[in-house]
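Here is the structure we will look at.
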Amino acid sequence: MTTANTADARFGFDTRQVHAGETFSGANPRITPIHQTAGYLFDSFDHTADRFSGDDLGFIYSRVSNPTNAVAEARLAALESGVGSLLTGSGQAAITVALLSLAGAGDHILSSVNLYEGTRALFRGAFKRLGIEVEFVTDPNNAEAWASRVRPNTKAFYGEPLSNPTNQVLDLTTVAETAHAHGVPLVVDNTLATPYLLRPIEHGTDVVVHSTSKFLSGHGTTIGGALTDAGTFPWADHSDRFPQFLEPVRPGKASFLEHFAEKTFWGYSRVRPAADFGPSYSALHTFLLLQGIDTLSLRLARHSENALAIARWLAEQPEVERVHHPLLDQHPHHDLAKRYLPDGSTPVFSFDLRGGKDAARTFIDSVELFSRMTHIGDVRSLILNPATTTHRRLTEQERQEVFVQPGTVRLSVGIETLDDLIADLDAGFQRLRAG
Ligand SMILES: *Cc1c(COP(=O)(O)O)cnc(C)c1O
């Protein structure tokens, strides 16, 4: 059977989100089947040995690779403009696998201070215990702030193109150029924007990570993560910094650089940290992820349109001190947002109520359509007070560094009817006005 190579970039984003990476075999089901199997049959003694020696690249065991996952991985790589993706059991696992592919005990990572709080906890806790030092850059759009901190053992620059909850925009080109000038790759977490709104690889990023639990799924049913390799970092030119890629993939065989070529990072992350630590994605969950990716562009267009309309409406309310939406003029990164986000911004943003924590409590307890939840990227609208939840562990000064106040309210705007969402939020303001 002949089918188009739909991973090819000459196909539009909407075509690729529905088709890229699909394969057909057996009874030729139209929908990618759930290959719910731990392992794979080998034909013979020699066939088995060839799989293990790498002379036959077929499937061996689902901790390392699985045909359902392979479809979703090819699809995500095609959407992110990368050469290969790897699914992991959660977004946290994707960040961990990506960075442990680069750094080990005694190494140093530079990270923007504007981080998802789970990532901050990972860097300060587990990574510290593993002997990896993560240093935070408090003015991440200043090239010198990164450059002046690079050391011989610095193995990665890390950041988020759009931060949660105040949407600080990372100047990807500047940070990528600074990283590359020092022989270091840039790794970014693109969960909030998704490849529909922003493709960091097209702005010089080397590795992209995701929590697929969020917009890529959209249905809020499953935890998952992924990393994508841009395929452009010149590892061979920096093998004193990254000697792990000179190791043989299998004893006596080619090195990662020789065997995987432009997919070196992808191959290493799959057969070393991901296979060793084992945070694999179940095929059943991948099936659900694929159902989500099918409609990514349609959902994100509606999500971000709803969110921008709500942001503009919030900015007119007297109880609101500030709206942290980067497509509003009042946001400090408005110019960067216009440059990097021509198709809209993330529906995860926040606003500050003048009345502080008490106002946030009254407001959040008044809504009925928005769900009080610590999750984002669902088709349903969600609401949360960061200071008493996700950002609870930070000191007052640390909260100020990421612009979170006691009265900050975070929204993850869904795809419901805009008027209904505004009416729900308006009930919160009516309650505040009633005192
Ligand atoms: C949710 C999230 C994560 C962590 O992902 P999990 O799937 O919950 O492990 C990482 N980064 C960002 C930006 C997130 O929103």
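Quick note on naming: the chains in the structure tokens go A, B, ... in the order shown, residues restart at 1 in each chain, and ligands are numbered from 1 in order of appearance.
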
(message) Could you list the protein, DNA and RNA residues that have any atom within 6 Å of ligand 1, counting only C-alpha atoms and all ligand atoms, and write them as number ranges by chain?
(response) A: 90-92, 116, 191-192, 211, 213, 223-225

Please produce an output containing N, CA and C atoms for each residue in the selection, written as a PDB file, in the first residue's frame.
```pdb
ATOM      1  N   SER A  90       5.896  10.864  32.179  1.00  0.00           N
ATOM      2  CA  SER A  90       5.339  12.138  32.661  1.00  0.00           C
ATOM      3  C   SER A  90       6.214  13.267  32.138  1.00  0.00           C
ATOM      4  N   GLY A  91       5.750  14.486  32.317  1.00  0.00           N
ATOM      5  CA  GLY A  91       6.564  15.638  31.938  1.00  0.00           C
ATOM      6  C   GLY A  91       7.814  15.723  32.801  1.00  0.00           C
ATOM      7  N   GLN A  92       7.649  15.433  34.089  1.00  0.00           N
ATOM      8  CA  GLN A  92       8.815  15.444  34.986  1.00  0.00           C
ATOM      9  C   GLN A  92       9.863  14.455  34.492  1.00  0.00           C
ATOM     10  N   TYR A 116       8.329  26.146  35.849  1.00  0.00           N
ATOM     11  CA  TYR A 116       7.259  25.325  36.425  1.00  0.00           C
ATOM     12  C   TYR A 116       7.741  24.864  37.807  1.00  0.00           C
ATOM     13  N   THR A 191       5.581  23.175  27.057  1.00  0.00           N
ATOM     14  CA  THR A 191       4.245  22.703  27.427  1.00  0.00           C
ATOM     15  C   THR A 191       3.172  23.780  27.266  1.00  0.00           C
ATOM     16  N   LEU A 192       3.478  25.008  27.687  1.00  0.00           N
ATOM     17  CA  LEU A 192       2.428  26.032  27.704  1.00  0.00           C
ATOM     18  C   LEU A 192       2.039  26.506  26.303  1.00  0.00           C
ATOM     19  N   SER A 211       5.173  18.273  28.897  1.00  0.00           N
ATOM     20  CA  SER A 211       4.233  17.452  29.639  1.00  0.00           C
ATOM     21  C   SER A 211       3.087  17.213  28.667  1.00  0.00           C
ATOM     22  N   SER A 213       0.611  15.587  29.367  1.00  0.00           N
ATOM     23  CA  SER A 213      -0.607  15.565  30.209  1.00  0.00           C
ATOM     24  C   SER A 213      -1.490  16.771  29.917  1.00  0.00           C
ATOM     25  N   ILE A 223      -1.345  11.141  32.451  1.00  0.00           N
ATOM     26  CA  ILE A 223      -0.062  11.802  32.679  1.00  0.00           C
ATOM     27  C   ILE A 223       0.939  11.256  31.666  1.00  0.00           C
ATOM     28  N   GLY A 224       1.713  12.158  31.057  1.00  0.00           N
ATOM     29  CA  GLY A 224       2.741  11.713  30.116  1.00  0.00           C
ATOM     30  C   GLY A 224       3.686  12.845  29.769  1.00  0.00           C
ATOM     31  N   GLY A 225       4.780  12.490  29.116  1.00  0.00           N
ATOM     32  CA  GLY A 225       5.754  13.504  28.718  1.00  0.00           C
ATOM     33  C   GLY A 225       6.478  13.090  27.453  1.00  0.00           C
TER      34      GLY A 225
END
```

Any idea what's packed within 6 Å of region 385-388 of chain A, counting only C-alpha atoms, ignoring anything in its chain fewer than 3 positions away? Could you give it as an mmCIF file with N, CA and C atoms, in the first residue's frame?
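Once written, out_9.cif looks like this:
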```
data_model
loop_
_atom_site.group_PDB
_atom_site.id
_atom_site.type_symbol
_atom_site.label_atom_id
_atom_site.label_comp_id
_atom_site.auth_asym_id
_atom_site.auth_seq_id
_atom_site.Cartn_x
_atom_site.Cartn_y
_atom_site.Cartn_z
ATOM 1 N N HIS A 391 2.864 27.541 44.336
ATOM 2 C CA HIS A 391 3.991 28.375 44.735
ATOM 3 C C HIS A 391 4.108 28.514 46.257
ATOM 4 N N ARG A 392 3.428 27.629 46.968
ATOM 5 C CA ARG A 392 3.385 27.674 48.430
ATOM 6 C C ARG A 392 4.768 27.497 49.048
ATOM 7 N N PRO A 406 -0.043 37.344 46.584
ATOM 8 C CA PRO A 406 -1.107 36.600 47.272
ATOM 9 C C PRO A 406 -2.432 36.626 46.510
ATOM 10 N N VAL A 409 -4.395 35.126 40.532
ATOM 11 C CA VAL A 409 -5.311 34.034 40.174
ATOM 12 C C VAL A 409 -4.858 33.496 38.818
#
```

(request) Name the closest residue to Leu170 (chain A) among the candidates A:Leu76, A:Ile34, A:Pro332, A:Thr154; distances are taken between atoms, counting only C-alpha atoms. (result) A:Pro332

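Minimum atom-to-atom distances from A:Asn5, A:Ser297, A:Ser381, A:Thr173 to Gly220 (chain A) were compared using only C-alpha atoms, and the lowest value belongs to A:Ser381.
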
Counting only C-alpha atoms, what is within 10 Å of region 148-153 of chain A, bar same-chain residues fewer than 6 positions away, as a PDB file with C-alpha atoms, in the first residue's frame?
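Output (selection.pdb):
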```pdb
ATOM      1  CA  ALA A 103      24.694  16.035  32.905  1.00  0.00           C
ATOM      2  CA  GLY A 104      25.850  13.830  35.775  1.00  0.00           C
ATOM      3  CA  GLY A 106      29.769  17.156  39.371  1.00  0.00           C
ATOM      4  CA  ASP A 107      28.093  18.959  36.479  1.00  0.00           C
ATOM      5  CA  HIS A 108      26.378  22.320  36.309  1.00  0.00           C
ATOM      6  CA  ILE A 109      23.198  23.491  34.565  1.00  0.00           C
ATOM      7  CA  LEU A 110      22.092  27.089  34.079  1.00  0.00           C
ATOM      8  CA  GLU A 133      24.168  21.870  40.519  1.00  0.00           C
ATOM      9  CA  GLU A 135      22.128  27.752  39.045  1.00  0.00           C
ATOM     10  CA  PHE A 136      19.205  30.126  38.437  1.00  0.00           C
ATOM     11  CA  VAL A 137      19.419  33.123  36.119  1.00  0.00           C
ATOM     12  CA  THR A 178      24.647  32.472  23.890  1.00  0.00           C
ATOM     13  CA  ALA A 179      24.477  28.752  24.693  1.00  0.00           C
ATOM     14  CA  HIS A 182      29.851  28.407  24.712  1.00  0.00           C
ATOM     15  CA  GLY A 183      29.382  24.917  23.238  1.00  0.00           C
ATOM     16  CA  VAL A 184      26.293  24.209  25.348  1.00  0.00           C
ATOM     17  CA  ASP A 240      35.310  16.927  25.626  1.00  0.00           C
ATOM     18  CA  ARG A 241      32.134  18.348  27.197  1.00  0.00           C
ATOM     19  CA  PHE A 242      29.951  15.409  26.095  1.00  0.00           C
TER      20      PHE A 242
END
```

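Of the residues under consideration (A:Gln244, A:Thr15, A:Ala181, A:Pro234), A:Pro234 shows the shortest atom-to-atom contact distance to Ala261 (chain A) when counting only C-alpha atoms.
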
Please report, as a Markdown table, each residue of region 282-334 of chain A lying at most 12 Å from region 84-87 of chain A, together with the nearest pair of atoms and the separation in Å rounded to one decimal; use only C-alpha atoms, and order rows by chain and ascending residue number.
```
| residue | atom | partner | partner_atom | distance |
| --- | --- | --- | --- | --- |
| A:Ser282 | CA | A:Leu87 | CA | 9.4 |
| A:Ala283 | CA | A:Leu87 | CA | 10.3 |
| A:His285 | CA | A:Leu87 | CA | 10.6 |
| A:Thr286 | CA | A:Leu87 | CA | 8.6 |
| A:Leu289 | CA | A:Leu87 | CA | 10.5 |
| A:Leu290 | CA | A:Leu87 | CA | 12.0 |
```

Write to file, as a compact mmCIF listing (two decimals), in the first residue's frame, the residues of the selection just made, with N, CA, C and O atoms.
```txt
# COMPACT_ATOMS: atom_id res chain seq x y z
N SER A 282 2.80 3.93 28.57
CA SER A 282 2.01 2.76 28.21
C SER A 282 1.31 3.00 26.88
O SER A 282 0.81 4.10 26.62
N ALA A 283 1.24 1.97 26.02
CA ALA A 283 0.62 2.11 24.70
C ALA A 283 -0.84 2.55 24.82
O ALA A 283 -1.36 3.27 23.96
N HIS A 285 -2.04 4.57 27.00
CA HIS A 285 -2.03 6.02 27.20
C HIS A 285 -1.62 6.75 25.93
O HIS A 285 -2.10 7.84 25.64
N THR A 286 -0.72 6.14 25.16
CA THR A 286 -0.31 6.75 23.91
C THR A 286 -1.49 6.85 22.95
O THR A 286 -1.64 7.83 22.21
N LEU A 289 -3.25 9.83 23.88
CA LEU A 289 -2.49 11.01 23.45
C LEU A 289 -2.73 11.28 21.96
O LEU A 289 -2.94 12.43 21.55
N LEU A 290 -2.72 10.22 21.16
CA LEU A 290 -2.93 10.40 19.71
C LEU A 290 -4.31 10.99 19.43
O LEU A 290 -4.47 11.81 18.51
```

(message) To test your reading of the structure, identify every residue in region 250-434 of chain A that backbone DSSP assigns to alpha helix (DSSP H), and report it as a PyMOL selection string.
(response) chain A and resi 256-260+264-269+275-277+283-293+296-315+334-340+356-366+396-401+418-434

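Neighbours of Asn142 (chain A) closer than or equal to 10 Å, with only C-alpha atoms counted and sequence neighbours fewer than 3 positions away skipped, come out as Val137, Thr138, Asp139, Ala145, Trp146, Ala147, Leu170, Asp171, Thr174, Val175 and Thr178 of chain A.
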
(request) Based on DSSP run over this structure's backbone, return all residues of region 62-242 of chain A in strand (DSSP E), as a PyMOL selection string. (result) chain A and resi 84-88+108-112+133-137+154-159+186-189+207-211+225-229

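Comparing A:Asp358, A:Glu202, A:Glu316, A:Asp294 by their smallest distance to Tyr340 (chain A), the closest is A:Glu202 (using only C-alpha atoms).
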
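For the set A:Arg51, A:Arg272, A:Arg431, A:Arg250, the residue with the smallest atom-to-atom gap to Val367 (chain A) is A:Arg431, counting only C-alpha atoms.
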
(message) Measuring between only C-alpha atoms, which one of A:Glu321, A:Asp365, A:Glu22, A:Asp335 shows the shortest distance to Ser350 (chain A)?
(response) A:Glu321

(request) Would you list the contacts of Phe52 (chain A) as a ChimeraX atom specification, taking every protein, DNA or RNA residue within 12 Å and counting only C-alpha atoms, but skipping same-chain residues closer than 5 positions in sequence? (result) /A:42,45-47,57-61,249-251,253
